[in-house]
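Engineer: One structure coming up, written as structure tokens, with questions to follow.
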Amino acid sequence: MGDEWDEGGADGGWGEDANQSSNWETENDAGPAAGGMETEEMTVDQQIANAFYEAEDSKRERRKDALDKFKAVVELGKGKSINDDSKTSIFKSLTHMTVLLFADKKIDETMKQYKALLSMVPTVTRNEASEAVDTVLNTLSQSGDFKVQEEFYNVTTESLKSKPDAEKMIFSVNMKLCRQYVERKMYAEASKMLARLHKMCTNPDGTDDKKDKGSELLEIYAMEVKMSMAQHNSLKQKELYDKTKDLTAAVKDPRSQSIIRECWGQMFGDDGQWQRAYAEFFSAFTYYQEAGNGTKAKQCLKYVIVANMLSNGEQNPFDAREAKVYQKDPEIQVIGQLRQAYEKCDVQGFAVALDEINKTADDYIKTHMQSMIRDFQARAIVQLVKSYRRIRISYLGEQLKITPADVEAILVQLILDGEVSGRIDQVQGILDLTQRTEGGGKKYNAIDQWTNSLQILTTHMVNPATGGGGGMRMPY
């Protein structure tokens, strides 16, 4: 079986009209002159179906036996007129053989069978072809030798270039390779690949073809977003935000949407816009779930909880049906305990949960860990001082297990923000809250009113020497 491609047929493409390979005859090729071939054809198709069933059954326990049986399926079809089901069985047999040979580390034989598989692509449906190529390339991703993987990717692309209507498969294969580059931090190679793919998705004037290539463009931008996140390139993230706003409204591919929404969440979080970050992280979380990526969904749920805390959100993220699935996950339970301690201003509980989170936290959470801590400390101070008129700063430090200097810095910000009404006596190390108390408030309000009344009276007072004639005011 070679790499020859017969482009005959009505549309020269995929499906029933594109099954005229030199090795794979169609049922109608035999013609009426074939005489009694109908019985033989049915027999061959039945033999292929039975042999394929036995081979698949053997694959689970007897790999060597299965490999021989899959080879037998392929041999049964050579030079015979077979139906579409038989062609599919032979195509799937080649897929299994490629995977089994790779598992045995027989790279040369793996490549040979893979090329045979690619030569049969036009004889099966587009979904079957895509699934087979994905299966092989996903299996190859387990190889420690990335050069071998690249060789298979290149062979795939070159083979598909000679096939009609294979542009989408070529795009998909190259995006898969691009993801491999990004995972290995080979950003230069990934950028070159994305530039080539982007060129395939533009109009003659060089602008993005959003009408016909919206989904592909979103995938490309999602990968660029992922790279910018990995490289902490905030300027690039903002640039991509502007490019993807319109696309995300029109294209709902969960794989791309999840990455982009996560990036937007991180961007807003870095800017301190935690309410917007919360909304984007939750969208990313649901898209990851829809795409079947449980690991990333769980990671994004952590971001959701962090953003919820830092935005002072009252809504509990676990009230959502999608989030309840992860409530009993150990990592999610820990960050849930952090949120509970945050709400209750439980200093000890917050410290314990924080220590646990540090063991599994990624770079983004660690980057904003200090913000969470400072936000919690400010929240706890507001709660602690509620019952006091005067309180020692050192006492607050003991309660929060931080230095008096740190307490004073937080108090200054709270006073400036209007969260605490008081003044700091640095000499005695005391926070004076008497102005906030009800009695103190009445006293100062009375003084203000008396001062205002006195000013009005003085302004309108008549000079006795004039008898009130000119309304002359007394000099200040």
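Order determines the names: the first chain of the structure tokens is A, the second B, and so forth; residues in each chain are numbered 1 upward, and ligands are numbered 1 upward as they are shown.
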Report the residues of range 47-242 of chain A whose backbone DSSP state falls under alpha helix (DSSP H), written as a PyMOL selection string.

Structural biologist: chain A and resi 47-59+63-77+84-103+107-119+126-140+146-161+167-183+187-199+210-230+234-242

Engineer: Name the residues in contact with Ser159 in chain A at a cut-off of 12 Å, using only C-alpha atoms, excluding same-chain residues fewer than 6 positions from it; report them as JSON, numbers by chain.

Structural biologist: {"A": [2, 3, 4, 5, 114, 115, 116, 117, 118, 119, 120, 121, 122, 133, 152, 153, 166, 167, 169, 170, 173]}

Engineer: What would the file look like if the residues just selected were written as an mmCIF file, in the first residue's frame with C-alpha atoms?

Structural biologist:
data_model
loop_
_atom_site.group_PDB
_atom_site.id
_atom_site.type_symbol
_atom_site.label_atom_id
_atom_site.label_comp_id
_atom_site.auth_asym_id
_atom_site.auth_seq_id
_atom_site.Cartn_x
_atom_site.Cartn_y
_atom_site.Cartn_z
ATOM 1 C CA GLY A 2 1.629 3.234 -1.061
ATOM 2 C CA ASP A 3 1.055 6.973 -0.752
ATOM 3 C CA GLU A 4 -0.635 7.252 -4.163
ATOM 4 C CA TRP A 5 -3.750 9.411 -4.234
ATOM 5 C CA TYR A 114 1.268 5.492 9.570
ATOM 6 C CA LYS A 115 2.015 6.455 5.956
ATOM 7 C CA ALA A 116 -0.278 3.632 4.824
ATOM 8 C CA LEU A 117 -2.925 5.008 7.157
ATOM 9 C CA LEU A 118 -2.557 8.508 5.687
ATOM 10 C CA SER A 119 -2.868 7.131 2.148
ATOM 11 C CA MET A 120 -6.324 5.806 3.056
ATOM 12 C CA VAL A 121 -7.624 9.098 4.461
ATOM 13 C CA PRO A 122 -9.880 9.838 1.421
ATOM 14 C CA VAL A 133 -4.698 11.126 13.180
ATOM 15 C CA PHE A 152 5.493 12.434 12.421
ATOM 16 C CA TYR A 153 3.814 15.857 12.489
ATOM 17 C CA ALA A 166 -7.797 18.793 3.864
ATOM 18 C CA GLU A 167 -7.132 22.385 4.969
ATOM 19 C CA MET A 169 -7.107 18.872 9.160
ATOM 20 C CA ILE A 170 -3.794 20.549 8.308
ATOM 21 C CA VAL A 173 -2.465 19.131 13.125
#

Engineer: With only C-alpha atoms as the atoms that count, which of A:Val427, A:Val382, A:Asp65, A:Ile402 lies nearest to Leu414 in chain A?

Structural biologist: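 Smallest distance to Leu414 in chain A is found for A:Val382.
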
Engineer: Just the residues within 9 Å of Met111 in chain A, please, counting only C-alpha atoms, with nothing from its chain fewer than 6 positions along; format it as a PyMOL selection string.

Structural biologist: chain A and resi 98+102+152+155

Engineer: Please produce a file of the residues just selected, as a short mmCIF file (atom, residue, chain, number, x, y, z; two decimals), in the first residue's frame, where the atoms kept are N, CA and C atoms.

Structural biologist:
data_model
loop_
_atom_site.label_atom_id
_atom_site.label_comp_id
_atom_site.auth_asym_id
_atom_site.auth_seq_id
_atom_site.Cartn_x
_atom_site.Cartn_y
_atom_site.Cartn_z
N THR A 98 -0.44 1.06 14.05
CA THR A 98 0.50 2.16 14.26
C THR A 98 0.74 2.37 15.75
N PHE A 102 4.24 1.50 17.86
CA PHE A 102 4.91 2.57 18.60
C PHE A 102 5.14 2.15 20.05
N PHE A 152 6.83 12.94 12.73
CA PHE A 152 5.49 12.43 12.42
C PHE A 152 4.53 13.58 12.08
N VAL A 155 5.38 14.67 8.51
CA VAL A 155 4.90 13.68 7.54
C VAL A 155 3.38 13.82 7.36
#

Engineer: Residues of range 192-403 of chain A in strand (DSSP E or B) according to DSSP, as a PyMOL selection string?

Structural biologist: chain A and resi 202+208+390-392

Engineer: Fewer than 6 positions away in the same chain doesn't count, so skip those; otherwise give me all residues within 10 Å of Gly269 in chain A, counting only C-alpha atoms, as number ranges by chain.

Structural biologist: A: 263, 275-278, 280-281, 303, 306-307, 310-311, 364, 368

Engineer: When you count only C-alpha atoms, which of these residues is closest to Asp134 in chain A: A:Ser162, A:Gln340, A:Ser258, A:Thr95?

Structural biologist: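 Between A:Ser162, A:Gln340, A:Ser258, A:Thr95, the residue approaching Asp134 in chain A most closely is A:Thr95.
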
Engineer: What is the distance between CA of Phe70 in chain A and CA of Glu150 in chain A, in Å to one decimal?

Structural biologist: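 Atom-to-atom, CA of Phe70 in chain A to CA of Glu150 in chain A, that is 26.5 Å.
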
Engineer: Taking 4 positions as the minimum chain separation for residues in the same chain, which residues sit within 12 Å of Lys64 in chain A when counting only C-alpha atoms? Answer as a PyMOL selection string.

Structural biologist: chain A and resi 55-56+58-60+68-71+96-97+100-101+103-104

Engineer: Identify which of the residues A:Gln257, A:Gln333, A:Thr295, A:Ser89 lies closest to Glu75 in chain A, counting only C-alpha atoms when measuring atom-to-atom distances.

Structural biologist: A:Ser89

Engineer: So how many Å separate CA of Lys302 in chain A and CA of Glu224 in chain A, to one decimal?

Structural biologist: 23.2 Å

Engineer: Leaving out range 313-321 of chain A and any residue of its chain fewer than 6 positions from it, which residues lie within 8 Å of it when counting only C-alpha atoms, given as a ChimeraX atom specification?

Structural biologist: /A:275,304-305,327

Engineer: Those residues you just picked out, can you put them in a file as a tab-separated table (two decimals), in the first residue's frame with N, CA and C atoms?

Structural biologist:
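Wrote out.tsv, looks like this:
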chain	number	residue	atom	x	y	z
A	275	GLN	N	-13.59	42.27	40.72
A	275	GLN	CA	-14.97	41.90	40.38
A	275	GLN	C	-15.05	41.41	38.94
A	304	VAL	N	-11.29	31.57	40.87
A	304	VAL	CA	-12.63	32.11	41.14
A	304	VAL	C	-12.76	32.46	42.62
A	305	ILE	N	-12.32	31.55	43.48
A	305	ILE	CA	-12.45	31.75	44.93
A	305	ILE	C	-11.56	32.90	45.40
A	327	GLN	N	-16.44	20.29	45.31
A	327	GLN	CA	-16.43	20.69	46.72
A	327	GLN	C	-15.65	19.73	47.61

Engineer: Rounded to one decimal place, report the CA of Leu76 in chain A-CA of Pro164 in chain A distance in Å.

Structural biologist: 27.6 Å

Engineer: Taking only C-alpha atoms into account, name the residue in A:Met369, A:Ile48, A:Ala284, A:Ala230 that is nearest to Glu262 in chain A.

Structural biologist: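 With only C-alpha atoms as the atom set, the closest residue is A:Ala284.
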
Engineer: Using only C-alpha atoms for the distances, tell me which of A:Leu177, A:Ile82, A:Ala72, A:Val225 is nearest to Gly265 in chain A.

Structural biologist: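 Under the stated criterion, the closest residue is A:Val225.
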
Engineer: Which of these residues is nearest to Arg379 in chain A, using only C-alpha atoms: A:Asp346, A:Glu158, A:Asp108, A:Asp271?

Structural biologist: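 Looking at the shortest contact to Arg379 in chain A, the residue is A:Asp346.
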